[in-house]
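Structure data follow from data-v7.pdb (PDB, N, CA and C atoms and all ligand atoms):
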MODEL        1
ATOM      1  N   MET A   1      54.294 105.354  64.765
ATOM      2  CA  MET A   1      55.512 104.757  64.204
ATOM      3  C   MET A   1      56.752 105.551  64.636
ATOM      4  N   LYS A   2      56.635 106.860  64.584
ATOM      5  CA  LYS A   2      57.767 107.695  65.022
ATOM      6  C   LYS A   2      58.113 107.428  66.487
ATOM      7  N   ASN A   3      57.051 107.257  67.262
ATOM      8  CA  ASN A   3      57.258 107.001  68.690
ATOM      9  C   ASN A   3      57.996 105.692  68.927
ATOM     10  N   LEU A   4      57.635 104.693  68.134
ATOM     11  CA  LEU A   4      58.267 103.382  68.273
ATOM     12  C   LEU A   4      59.768 103.494  67.983
ATOM     13  N   ILE A   5      60.083 104.208  66.913
ATOM     14  CA  ILE A   5      61.496 104.390  66.552
ATOM     15  C   ILE A   5      62.240 105.108  67.673
ATOM     16  N   LEU A   6      61.564 106.090  68.251
ATOM     17  CA  LEU A   6      62.157 106.851  69.355
ATOM     18  C   LEU A   6      62.447 105.935  70.544
ATOM     19  N   VAL A   7      61.479 105.065  70.832
ATOM     20  CA  VAL A   7      61.621 104.130  71.959
ATOM     21  C   VAL A   7      62.804 103.195  71.711
ATOM     22  N   ILE A   8      62.891 102.690  70.472
ATOM     23  CA  ILE A   8      63.979 101.762  70.132
ATOM     24  C   ILE A   8      65.330 102.459  70.275
ATOM     25  N   PHE A   9      65.399 103.694  69.789
ATOM     26  CA  PHE A   9      66.670 104.407  69.873
ATOM     27  C   PHE A   9      67.073 104.712  71.313
ATOM     28  N   SER A  10      66.096 105.086  72.135
ATOM     29  CA  SER A  10      66.468 105.397  73.513
ATOM     30  C   SER A  10      66.850 104.122  74.257
ATOM     31  N   PHE A  11      66.251 102.980  73.850
ATOM     32  CA  PHE A  11      66.620 101.700  74.460
ATOM     33  C   PHE A  11      68.084 101.389  74.185
ATOM     34  N   PHE A  12      68.491 101.536  72.909
ATOM     35  CA  PHE A  12      69.882 101.242  72.578
ATOM     36  C   PHE A  12      70.826 102.251  73.224
ATOM     37  N   GLY A  13      70.364 103.459  73.360
ATOM     38  CA  GLY A  13      71.172 104.477  74.031
ATOM     39  C   GLY A  13      71.417 104.072  75.471
ATOM     40  N   TYR A  14      70.389 103.543  76.109
ATOM     41  CA  TYR A  14      70.485 103.107  77.507
ATOM     42  C   TYR A  14      71.451 101.939  77.646
ATOM     43  N   VAL A  15      71.306 100.950  76.757
ATOM     44  CA  VAL A  15      72.190  99.776  76.788
ATOM     45  C   VAL A  15      73.634 100.218  76.579
ATOM     46  N   GLY A  16      73.832 101.161  75.663
ATOM     47  CA  GLY A  16      75.174 101.665  75.400
ATOM     48  C   GLY A  16      75.798 102.267  76.643
ATOM     49  N   ALA A  17      75.036 103.044  77.370
ATOM     50  CA  ALA A  17      75.535 103.693  78.579
ATOM     51  C   ALA A  17      75.876 102.654  79.641
ATOM     52  N   ALA A  18      75.035 101.633  79.780
ATOM     53  CA  ALA A  18      75.269 100.590  80.768
ATOM     54  C   ALA A  18      76.533  99.809  80.434
ATOM     55  N   ASN A  19      76.736  99.546  79.148
ATOM     56  CA  ASN A  19      77.930  98.809  78.729
ATOM     57  C   ASN A  19      79.195  99.611  79.002
ATOM     58  N   ALA A  20      79.121 100.908  78.806
ATOM     59  CA  ALA A  20      80.282 101.763  79.029
ATOM     60  C   ALA A  20      80.777 101.616  80.466
ATOM     61  N   GLN A  21      79.836 101.514  81.413
ATOM     62  CA  GLN A  21      80.191 101.350  82.825
ATOM     63  C   GLN A  21      80.894 100.030  83.098
ATOM     64  N   LYS A  22      80.635  99.050  82.232
ATOM     65  CA  LYS A  22      81.211  97.724  82.443
ATOM     66  C   LYS A  22      82.597  97.594  81.834
ATOM     67  N   GLU A  23      82.974  98.577  81.033
ATOM     68  CA  GLU A  23      84.309  98.564  80.426
ATOM     69  C   GLU A  23      85.335  98.996  81.465
ATOM     70  N   PRO A  24      86.472  98.292  81.541
ATOM     71  CA  PRO A  24      87.501  98.686  82.508
ATOM     72  C   PRO A  24      88.089 100.051  82.160
ATOM     73  N   VAL A  25      88.356 100.847  83.168
ATOM     74  CA  VAL A  25      89.020 102.129  82.961
ATOM     75  C   VAL A  25      90.288 102.166  83.822
ATOM     76  N   THR A  26      91.203 103.019  83.450
ATOM     77  CA  THR A  26      92.465 103.117  84.179
ATOM     78  C   THR A  26      92.517 104.415  84.976
ATOM     79  N   LEU A  27      92.945 104.261  86.213
ATOM     80  CA  LEU A  27      93.026 105.387  87.128
ATOM     81  C   LEU A  27      94.486 105.496  87.568
ATOM     82  N   LYS A  28      94.998 106.726  87.651
ATOM     83  CA  LYS A  28      96.381 106.890  88.091
ATOM     84  C   LYS A  28      96.403 107.961  89.162
ATOM     85  N   PHE A  29      96.949 107.626  90.329
ATOM     86  CA  PHE A  29      97.037 108.626  91.400
ATOM     87  C   PHE A  29      98.177 108.287  92.351
ATOM     88  N   LYS A  30      98.469 109.202  93.257
ATOM     89  CA  LYS A  30      99.591 109.025  94.164
ATOM     90  C   LYS A  30      99.190 108.277  95.431
ATOM     91  N   VAL A  31     100.064 107.349  95.837
ATOM     92  CA  VAL A  31      99.883 106.650  97.112
ATOM     93  C   VAL A  31     101.212 106.768  97.852
ATOM     94  N   TYR A  32     101.170 107.290  99.078
ATOM     95  CA  TYR A  32     102.384 107.484  99.843
ATOM     96  C   TYR A  32     102.878 106.156 100.401
ATOM     97  N   GLY A  33     104.173 105.855 100.184
ATOM     98  CA  GLY A  33     104.750 104.609 100.660
ATOM     99  C   GLY A  33     106.236 104.619 100.410
ATOM    100  N   ASN A  34     106.931 103.543 100.790
ATOM    101  CA  ASN A  34     108.385 103.501 100.670
ATOM    102  C   ASN A  34     108.939 102.444  99.730
ATOM    103  N   CYS A  35     108.653 101.188 100.077
ATOM    104  CA  CYS A  35     109.467 100.110  99.521
ATOM    105  C   CYS A  35     108.664  99.012  98.822
ATOM    106  N   GLU A  36     109.369  97.931  98.511
ATOM    107  CA  GLU A  36     108.756  96.780  97.851
ATOM    108  C   GLU A  36     107.680  96.140  98.738
ATOM    109  N   MET A  37     107.903  96.210 100.052
ATOM    110  CA  MET A  37     106.935  95.617 100.975
ATOM    111  C   MET A  37     105.639  96.440 100.946
ATOM    112  N   CYS A  38     105.792  97.750 100.865
ATOM    113  CA  CYS A  38     104.630  98.639 100.734
ATOM    114  C   CYS A  38     103.880  98.275  99.454
ATOM    115  N   LYS A  39     104.625  98.089  98.399
ATOM    116  CA  LYS A  39     104.048  97.765  97.095
ATOM    117  C   LYS A  39     103.171  96.520  97.200
ATOM    118  N   ALA A  40     103.708  95.489  97.871
ATOM    119  CA  ALA A  40     102.970  94.239  98.024
ATOM    120  C   ALA A  40     101.671  94.468  98.812
ATOM    121  N   THR A  41     101.768  95.246  99.890
ATOM    122  CA  THR A  41     100.589  95.507 100.730
ATOM    123  C   THR A  41      99.532  96.306  99.976
ATOM    124  N   ILE A  42      99.976  97.353  99.288
ATOM    125  CA  ILE A  42      99.051  98.219  98.548
ATOM    126  C   ILE A  42      98.338  97.434  97.451
ATOM    127  N   GLU A  43      99.109  96.653  96.711
ATOM    128  CA  GLU A  43      98.509  95.908  95.608
ATOM    129  C   GLU A  43      97.601  94.787  96.095
ATOM    130  N   LYS A  44      97.942  94.203  97.244
ATOM    131  CA  LYS A  44      97.110  93.137  97.807
ATOM    132  C   LYS A  44      95.771  93.712  98.281
ATOM    133  N   ALA A  45      95.809  94.952  98.765
ATOM    134  CA  ALA A  45      94.580  95.606  99.241
ATOM    135  C   ALA A  45      93.571  95.766  98.107
ATOM    136  N   LEU A  46      94.082  95.798  96.884
ATOM    137  CA  LEU A  46      93.193  95.986  95.733
ATOM    138  C   LEU A  46      92.881  94.675  95.015
ATOM    139  N   ASP A  47      93.195  93.566  95.692
ATOM    140  CA  ASP A  47      92.869  92.255  95.128
ATOM    141  C   ASP A  47      91.406  91.956  95.464
ATOM    142  N   VAL A  48      90.513  92.720  94.849
ATOM    143  CA  VAL A  48      89.075  92.599  95.126
ATOM    144  C   VAL A  48      88.301  92.568  93.811
ATOM    145  N   LYS A  49      87.027  92.233  93.928
ATOM    146  CA  LYS A  49      86.154  92.172  92.768
ATOM    147  C   LYS A  49      86.042  93.563  92.127
ATOM    148  N   GLY A  50      86.178  93.611  90.817
ATOM    149  CA  GLY A  50      86.034  94.878  90.119
ATOM    150  C   GLY A  50      87.365  95.502  89.746
ATOM    151  N   VAL A  51      88.437  95.086  90.446
ATOM    152  CA  VAL A  51      89.765  95.608  90.108
ATOM    153  C   VAL A  51      90.494  94.567  89.267
ATOM    154  N   LYS A  52      90.849  94.965  88.062
ATOM    155  CA  LYS A  52      91.490  94.046  87.118
ATOM    156  C   LYS A  52      92.994  94.002  87.327
ATOM    157  N   ALA A  53      93.576  95.134  87.647
ATOM    158  CA  ALA A  53      95.022  95.206  87.822
ATOM    159  C   ALA A  53      95.381  96.394  88.689
ATOM    160  N   ALA A  54      96.452  96.246  89.467
ATOM    161  CA  ALA A  54      96.954  97.339  90.286
ATOM    162  C   ALA A  54      98.466  97.268  90.277
ATOM    163  N   ASN A  55      99.095  98.376  89.975
ATOM    164  CA  ASN A  55     100.553  98.394  89.910
ATOM    165  C   ASN A  55     101.077  99.702  90.495
ATOM    166  N   TRP A  56     101.754  99.582  91.654
ATOM    167  CA  TRP A  56     102.300 100.759  92.321
ATOM    168  C   TRP A  56     103.793 100.849  92.045
ATOM    169  N   ASN A  57     104.234 102.046  91.688
ATOM    170  CA  ASN A  57     105.626 102.273  91.357
ATOM    171  C   ASN A  57     106.372 102.809  92.585
ATOM    172  N   THR A  58     107.384 102.068  93.066
ATOM    173  CA  THR A  58     108.101 102.463  94.281
ATOM    174  C   THR A  58     108.897 103.761  94.089
ATOM    175  N   GLU A  59     109.258 104.080  92.854
ATOM    176  CA  GLU A  59     110.027 105.298  92.579
ATOM    177  C   GLU A  59     109.128 106.535  92.507
ATOM    178  N   THR A  60     108.104 106.455  91.671
ATOM    179  CA  THR A  60     107.247 107.624  91.447
ATOM    180  C   THR A  60     106.110 107.731  92.461
ATOM    181  N   LYS A  61     105.850 106.644  93.204
ATOM    182  CA  LYS A  61     104.743 106.557  94.185
ATOM    183  C   LYS A  61     103.366 106.663  93.510
ATOM    184  N   MET A  62     103.353 106.440  92.213
ATOM    185  CA  MET A  62     102.083 106.490  91.490
ATOM    186  C   MET A  62     101.542 105.080  91.319
ATOM    187  N   ILE A  63     100.217 104.971  91.462
ATOM    188  CA  ILE A  63      99.596 103.673  91.240
ATOM    189  C   ILE A  63      98.716 103.751  89.999
ATOM    190  N   GLU A  64      98.713 102.647  89.274
ATOM    191  CA  GLU A  64      97.848 102.546  88.118
ATOM    192  C   GLU A  64      96.857 101.424  88.411
ATOM    193  N   VAL A  65      95.591 101.763  88.417
ATOM    194  CA  VAL A  65      94.554 100.792  88.732
ATOM    195  C   VAL A  65      93.614 100.649  87.543
ATOM    196  N   VAL A  66      93.425  99.416  87.119
ATOM    197  CA  VAL A  66      92.459  99.141  86.061
ATOM    198  C   VAL A  66      91.246  98.536  86.745
ATOM    199  N   TYR A  67      90.094  99.223  86.640
ATOM    200  CA  TYR A  67      88.921  98.744  87.366
ATOM    201  C   TYR A  67      87.651  98.930  86.542
ATOM    202  N   VAL A  68      86.602  98.252  86.980
ATOM    203  CA  VAL A  68      85.314  98.326  86.302
ATOM    204  C   VAL A  68      84.372  99.194  87.146
ATOM    205  N   PRO A  69      84.045 100.392  86.653
ATOM    206  CA  PRO A  69      83.220 101.328  87.433
ATOM    207  C   PRO A  69      81.867 100.751  87.869
ATOM    208  N   ALA A  70      81.327  99.799  87.103
ATOM    209  CA  ALA A  70      80.038  99.209  87.465
ATOM    210  C   ALA A  70      80.170  98.337  88.714
ATOM    211  N   LYS A  71      81.396  97.888  89.013
ATOM    212  CA  LYS A  71      81.598  96.964  90.130
ATOM    213  C   LYS A  71      82.230  97.589  91.361
ATOM    214  N   ILE A  72      83.028  98.629  91.153
ATOM    215  CA  ILE A  72      83.689  99.266  92.302
ATOM    216  C   ILE A  72      83.892 100.748  91.988
ATOM    217  N   SER A  73      83.741 101.587  93.013
ATOM    218  CA  SER A  73      83.880 103.023  92.781
ATOM    219  C   SER A  73      85.313 103.487  93.020
ATOM    220  N   GLU A  74      85.608 104.638  92.481
ATOM    221  CA  GLU A  74      86.928 105.229  92.679
ATOM    222  C   GLU A  74      87.173 105.493  94.173
ATOM    223  N   GLU A  75      86.131 105.957  94.866
ATOM    224  CA  GLU A  75      86.223 106.245  96.294
ATOM    225  C   GLU A  75      86.596 104.991  97.073
ATOM    226  N   LYS A  76      85.947 103.881  96.715
ATOM    227  CA  LYS A  76      86.188 102.603  97.399
ATOM    228  C   LYS A  76      87.637 102.166  97.224
ATOM    229  N   ILE A  77      88.189 102.398  96.056
ATOM    230  CA  ILE A  77      89.580 102.035  95.781
ATOM    231  C   ILE A  77      90.514 102.812  96.714
ATOM    232  N   HIS A  78      90.240 104.107  96.859
ATOM    233  CA  HIS A  78      91.049 104.928  97.771
ATOM    234  C   HIS A  78      90.900 104.437  99.208
ATOM    235  N   GLU A  79      89.670 104.099  99.587
ATOM    236  CA  GLU A  79      89.403 103.628 100.960
ATOM    237  C   GLU A  79      90.121 102.313 101.267
ATOM    238  N   LEU A  80      90.141 101.403 100.293
ATOM    239  CA  LEU A  80      90.805 100.100 100.490
ATOM    240  C   LEU A  80      92.302 100.299 100.734
ATOM    241  N   ILE A  81      92.906 101.209  99.977
ATOM    242  CA  ILE A  81      94.339 101.468 100.137
ATOM    243  C   ILE A  81      94.595 102.101 101.508
ATOM    244  N   ALA A  82      93.755 103.062 101.876
ATOM    245  CA  ALA A  82      93.902 103.725 103.175
ATOM    246  C   ALA A  82      93.731 102.711 104.310
ATOM    247  N   ALA A  83      92.801 101.764 104.131
ATOM    248  CA  ALA A  83      92.552 100.754 105.167
ATOM    249  C   ALA A  83      93.755  99.829 105.348
ATOM    250  N   SER A  84      94.619  99.734 104.322
ATOM    251  CA  SER A  84      95.795  98.876 104.435
ATOM    252  C   SER A  84      96.972  99.649 105.051
ATOM    253  N   GLY A  85      96.777 100.947 105.317
ATOM    254  CA  GLY A  85      97.809 101.723 106.002
ATOM    255  C   GLY A  85      98.433 102.856 105.202
ATOM    256  N   TYR A  86      97.994 103.010 103.965
ATOM    257  CA  TYR A  86      98.652 103.996 103.100
ATOM    258  C   TYR A  86      97.741 105.164 102.704
ATOM    259  N   ASP A  87      98.291 106.357 102.843
ATOM    260  CA  ASP A  87      97.549 107.563 102.454
ATOM    261  C   ASP A  87      97.522 107.692 100.930
ATOM    262  N   THR A  88      96.387 108.139 100.411
ATOM    263  CA  THR A  88      96.305 108.460  98.988
ATOM    264  C   THR A  88      95.971 109.948  98.889
ATOM    265  N   GLU A  89      95.768 110.419  97.657
ATOM    266  CA  GLU A  89      95.394 111.820  97.463
ATOM    267  C   GLU A  89      94.021 112.099  98.056
ATOM    268  N   LYS A  90      93.181 111.066  98.152
ATOM    269  CA  LYS A  90      91.796 111.285  98.567
ATOM    270  C   LYS A  90      91.386 110.621  99.870
ATOM    271  N   ALA A  91      92.187 109.681 100.359
ATOM    272  CA  ALA A  91      91.821 108.998 101.603
ATOM    273  C   ALA A  91      93.043 108.885 102.504
ATOM    274  N   LYS A  92      92.806 109.066 103.818
ATOM    275  CA  LYS A  92      93.911 109.027 104.761
ATOM    276  C   LYS A  92      93.791 107.783 105.633
ATOM    277  N   ALA A  93      94.917 107.086 105.814
ATOM    278  CA  ALA A  93      94.935 105.904 106.675
ATOM    279  C   ALA A  93      94.762 106.346 108.123
ATOM    280  N   SER A  94      94.134 105.520 108.933
ATOM    281  CA  SER A  94      93.975 105.856 110.347
ATOM    282  C   SER A  94      95.341 105.719 111.024
ATOM    283  N   ASP A  95      95.527 106.420 112.154
ATOM    284  CA  ASP A  95      96.798 106.342 112.877
ATOM    285  C   ASP A  95      97.064 104.909 113.329
ATOM    286  N   LYS A  96      95.986 104.180 113.609
ATOM    287  CA  LYS A  96      96.110 102.793 114.060
ATOM    288  C   LYS A  96      96.755 101.911 112.985
ATOM    289  N   VAL A  97      96.201 101.901 111.771
ATOM    290  CA  VAL A  97      96.785 101.045 110.727
ATOM    291  C   VAL A  97      98.159 101.532 110.300
ATOM    292  N   TYR A  98      98.347 102.851 110.314
ATOM    293  CA  TYR A  98      99.670 103.386 109.982
ATOM    294  C   TYR A  98     100.685 102.890 111.012
ATOM    295  N   GLY A  99     100.285 102.933 112.285
ATOM    296  CA  GLY A  99     101.163 102.498 113.373
ATOM    297  C   GLY A  99     101.515 101.023 113.296
ATOM    298  N   ASP A 100     100.640 100.239 112.692
ATOM    299  CA  ASP A 100     100.873  98.798 112.575
ATOM    300  C   ASP A 100     101.791  98.422 111.411
ATOM    301  N   LEU A 101     102.139  99.391 110.584
ATOM    302  CA  LEU A 101     103.016  99.095 109.445
ATOM    303  C   LEU A 101     104.411  98.722 109.940
ATOM    304  N   HIS A 102     105.119  97.926 109.173
ATOM    305  CA  HIS A 102     106.502  97.575 109.472
ATOM    306  C   HIS A 102     107.318  98.868 109.557
ATOM    307  N   SER A 103     108.334  98.898 110.430
ATOM    308  CA  SER A 103     109.101 100.131 110.632
ATOM    309  C   SER A 103     109.680 100.703 109.336
ATOM    310  N   CYS A 104     110.100  99.832 108.420
ATOM    311  CA  CYS A 104     110.676 100.336 107.164
ATOM    312  C   CYS A 104     109.591 100.896 106.225
ATOM    313  N   CYS A 105     108.354 100.583 106.552
ATOM    314  CA  CYS A 105     107.259 101.017 105.682
ATOM    315  C   CYS A 105     106.623 102.326 106.161
ATOM    316  N   LYS A 106     107.063 102.820 107.326
ATOM    317  CA  LYS A 106     106.457 104.048 107.855
ATOM    318  C   LYS A 106     106.946 105.236 107.046
ATOM    319  N   TYR A 107     106.212 105.491 105.982
ATOM    320  CA  TYR A 107     106.532 106.586 105.072
ATOM    321  C   TYR A 107     106.368 107.926 105.792
ATOM    322  N   PRO A 108     107.126 108.950 105.347
ATOM    323  CA  PRO A 108     107.002 110.278 105.971
ATOM    324  C   PRO A 108     105.583 110.816 105.782
ATOM    325  N   ARG A 109     105.063 111.385 106.859
ATOM    326  CA  ARG A 109     103.678 111.804 106.865
ATOM    327  C   ARG A 109     103.551 113.207 107.424
ATOM    328  N   GLY A 110     102.627 113.981 106.877
ATOM    329  CA  GLY A 110     102.331 115.296 107.455
ATOM    330  C   GLY A 110     101.597 115.103 108.758
ATOM    331  N   LYS A 111     101.274 116.171 109.462
ATOM    332  CA  LYS A 111     100.580 116.028 110.744
ATOM    333  C   LYS A 111      99.127 115.617 110.594
TER
HETATM  334 CU    CU B   1     107.500  99.375 102.841
ENDMDL
END

Would you put the structure from the file into structure tokens?
Amino acid sequence: MKNLILVIFSFFGYVGAANAQKEPVTLKFKVYGNCEMCKATIEKALDVKGVKAANWNTETKMIEVVYVPAKISEEKIHELIAASGYDTEKAKASDKVYGDLHSCCKYPRGK
């Protein structure tokens, strides 16, 4: 009987952990960029499954992303932004995509 209770409790513990992963969480980090056009590109890059909302601030260069960890990873979010041409704290855009950005969008970059 004790074992059965233990099994039931660990089952609910497992379900609880799985549900936690399905809850949206908010991530805030820096994305290098310049203007409203950058904002549109960055936010469009995150128009994917698992991302509930993305809002990049042109003044502070900070992005707020609401996403579901069970559906998309934090790393993937950084990679998607980098693939659209913008460097983040964790992922760097390739010189090719950076070079393809509109001239007004070529944000200052380190070497
Ligand atoms: Cu721009």

**Report entry** Selection result of the PyMOL selection byres (((chain A and resi 92-106) around 6.5) and not hetatm) on this file, as a PyMOL selection string
**Finding:** chain A and resi 33-35+38+81-88+90-91+107-109

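Across A:Lys22, A:Lys71, A:Lys39, A:Lys28, the tightest approach to ligand CU 1 (chain B) is made by A:Lys39 when counting all atoms listed in the file.
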
Query raised in the report: Gly50 in chain A: which residues within 7 Å, counting only N, CA and C atoms, same-chain residues fewer than 6 positions away excluded, as a list in words?
Result: Val66, Tyr67, Val68, Pro69, Ala70, Lys71 and Ile72 of chain A

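For the pair CA of Ala53 in chain A and atom C of Leu80 in chain A, the interatomic distance is 14.1 Å.
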
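When atom N of Thr58 in chain A is paired with atom N of Glu23 in chain A, their separation reads 27.4 Å.
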
Report task. Please report, as JSON, numbers by chain, each residue of chain A to which DSSP assigns alpha helix (DSSP H) when run on this structure's backbone. Result -> {"A": [2, 3, 4, 5, 6, 7, 8, 9, 10, 11, 12, 13, 14, 15, 16, 17, 18, 19, 20, 21, 22, 36, 37, 38, 39, 40, 41, 42, 43, 44, 45, 74, 75, 76, 77, 78, 79, 80, 81, 82, 83, 95, 96, 97, 98, 99]}

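Taking CA of Val25 in chain A and CA of Ala40 in chain A as the two end points, the separation is 22.0 Å.
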
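Residues of chain A carrying a DSSP assignment of strand (DSSP E), computed from the backbone, are A:Val25, A:Thr26, A:Leu27, A:Lys28, A:Phe29, A:Lys30, A:Val51, A:Lys52, A:Ala53, A:Ala54, A:Asn55, A:Trp56, A:Met62, A:Ile63, A:Glu64, A:Val65, A:Val66, A:Tyr67.
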
Query - Result set of the PyMOL selection byres (((chain A and resi 27 and name CA) around 12) and not hetatm and name CA) on the coordinates above, as a VMD selection string - result: chain A and resid 24 to 26 28 to 30 51 to 56 62 to 69 73 to 75 77 to 78

Completed range 70-78 of chain A (all heavy atoms) as a compact mmCIF listing (two decimals), in the frame of the given file:
# COMPACT_ATOMS: atom_id res chain seq x y z
N ALA A 70 81.33 99.80 87.10
CA ALA A 70 80.04 99.21 87.46
C ALA A 70 80.17 98.34 88.71
O ALA A 70 79.19 98.08 89.41
CB ALA A 70 79.48 98.40 86.31
N LYS A 71 81.40 97.89 89.01
CA LYS A 71 81.60 96.96 90.13
C LYS A 71 82.23 97.59 91.36
O LYS A 71 82.03 97.13 92.48
CB LYS A 71 82.45 95.78 89.68
CG LYS A 71 81.73 94.87 88.69
CD LYS A 71 82.55 93.63 88.39
CE LYS A 71 81.82 92.72 87.41
NZ LYS A 71 82.74 91.75 86.80
N ILE A 72 83.03 98.63 91.15
CA ILE A 72 83.69 99.27 92.30
C ILE A 72 83.89 100.75 91.99
O ILE A 72 84.15 101.11 90.84
CB ILE A 72 85.02 98.54 92.64
CG1 ILE A 72 85.58 99.03 93.99
CG2 ILE A 72 86.05 98.71 91.53
CD1 ILE A 72 86.68 98.14 94.54
N SER A 73 83.74 101.59 93.01
CA SER A 73 83.88 103.02 92.78
C SER A 73 85.31 103.49 93.02
O SER A 73 86.09 102.82 93.71
CB SER A 73 82.94 103.79 93.70
OG SER A 73 83.37 103.66 95.05
N GLU A 74 85.61 104.64 92.48
CA GLU A 74 86.93 105.23 92.68
C GLU A 74 87.17 105.49 94.17
O GLU A 74 88.25 105.24 94.69
CB GLU A 74 86.99 106.55 91.89
CG GLU A 74 88.35 107.20 91.92
CD GLU A 74 88.41 108.50 91.13
OE1 GLU A 74 87.55 108.72 90.25
OE2 GLU A 74 89.31 109.30 91.42
N GLU A 75 86.13 105.96 94.87
CA GLU A 75 86.22 106.24 96.29
C GLU A 75 86.60 104.99 97.07
O GLU A 75 87.43 105.03 97.97
CB GLU A 75 84.90 106.79 96.84
CG GLU A 75 84.54 108.20 96.38
CD GLU A 75 84.19 108.30 94.90
OE1 GLU A 75 83.64 107.30 94.35
OE2 GLU A 75 84.47 109.33 94.28
N LYS A 76 85.95 103.88 96.72
CA LYS A 76 86.19 102.60 97.40
C LYS A 76 87.64 102.17 97.22
O LYS A 76 88.26 101.66 98.16
CB LYS A 76 85.22 101.54 96.85
CG LYS A 76 85.33 100.18 97.51
CD LYS A 76 84.73 100.16 98.90
CE LYS A 76 84.99 98.81 99.58
NZ LYS A 76 84.72 98.87 101.01
N ILE A 77 88.19 102.40 96.06
CA ILE A 77 89.58 102.04 95.78
C ILE A 77 90.51 102.81 96.71
O ILE A 77 91.41 102.25 97.34
CB ILE A 77 89.92 102.29 94.29
CG1 ILE A 77 89.19 101.25 93.42
CG2 ILE A 77 91.43 102.23 94.05
CD1 ILE A 77 89.20 101.55 91.94
N HIS A 78 90.24 104.11 96.86
CA HIS A 78 91.05 104.93 97.77
C HIS A 78 90.90 104.44 99.21
O HIS A 78 91.87 104.36 99.96
CB HIS A 78 90.62 106.39 97.67
CG HIS A 78 91.17 107.10 96.46
ND1 HIS A 78 92.38 107.76 96.47
CD2 HIS A 78 90.69 107.23 95.21
CE1 HIS A 78 92.62 108.28 95.27
NE2 HIS A 78 91.61 107.97 94.49
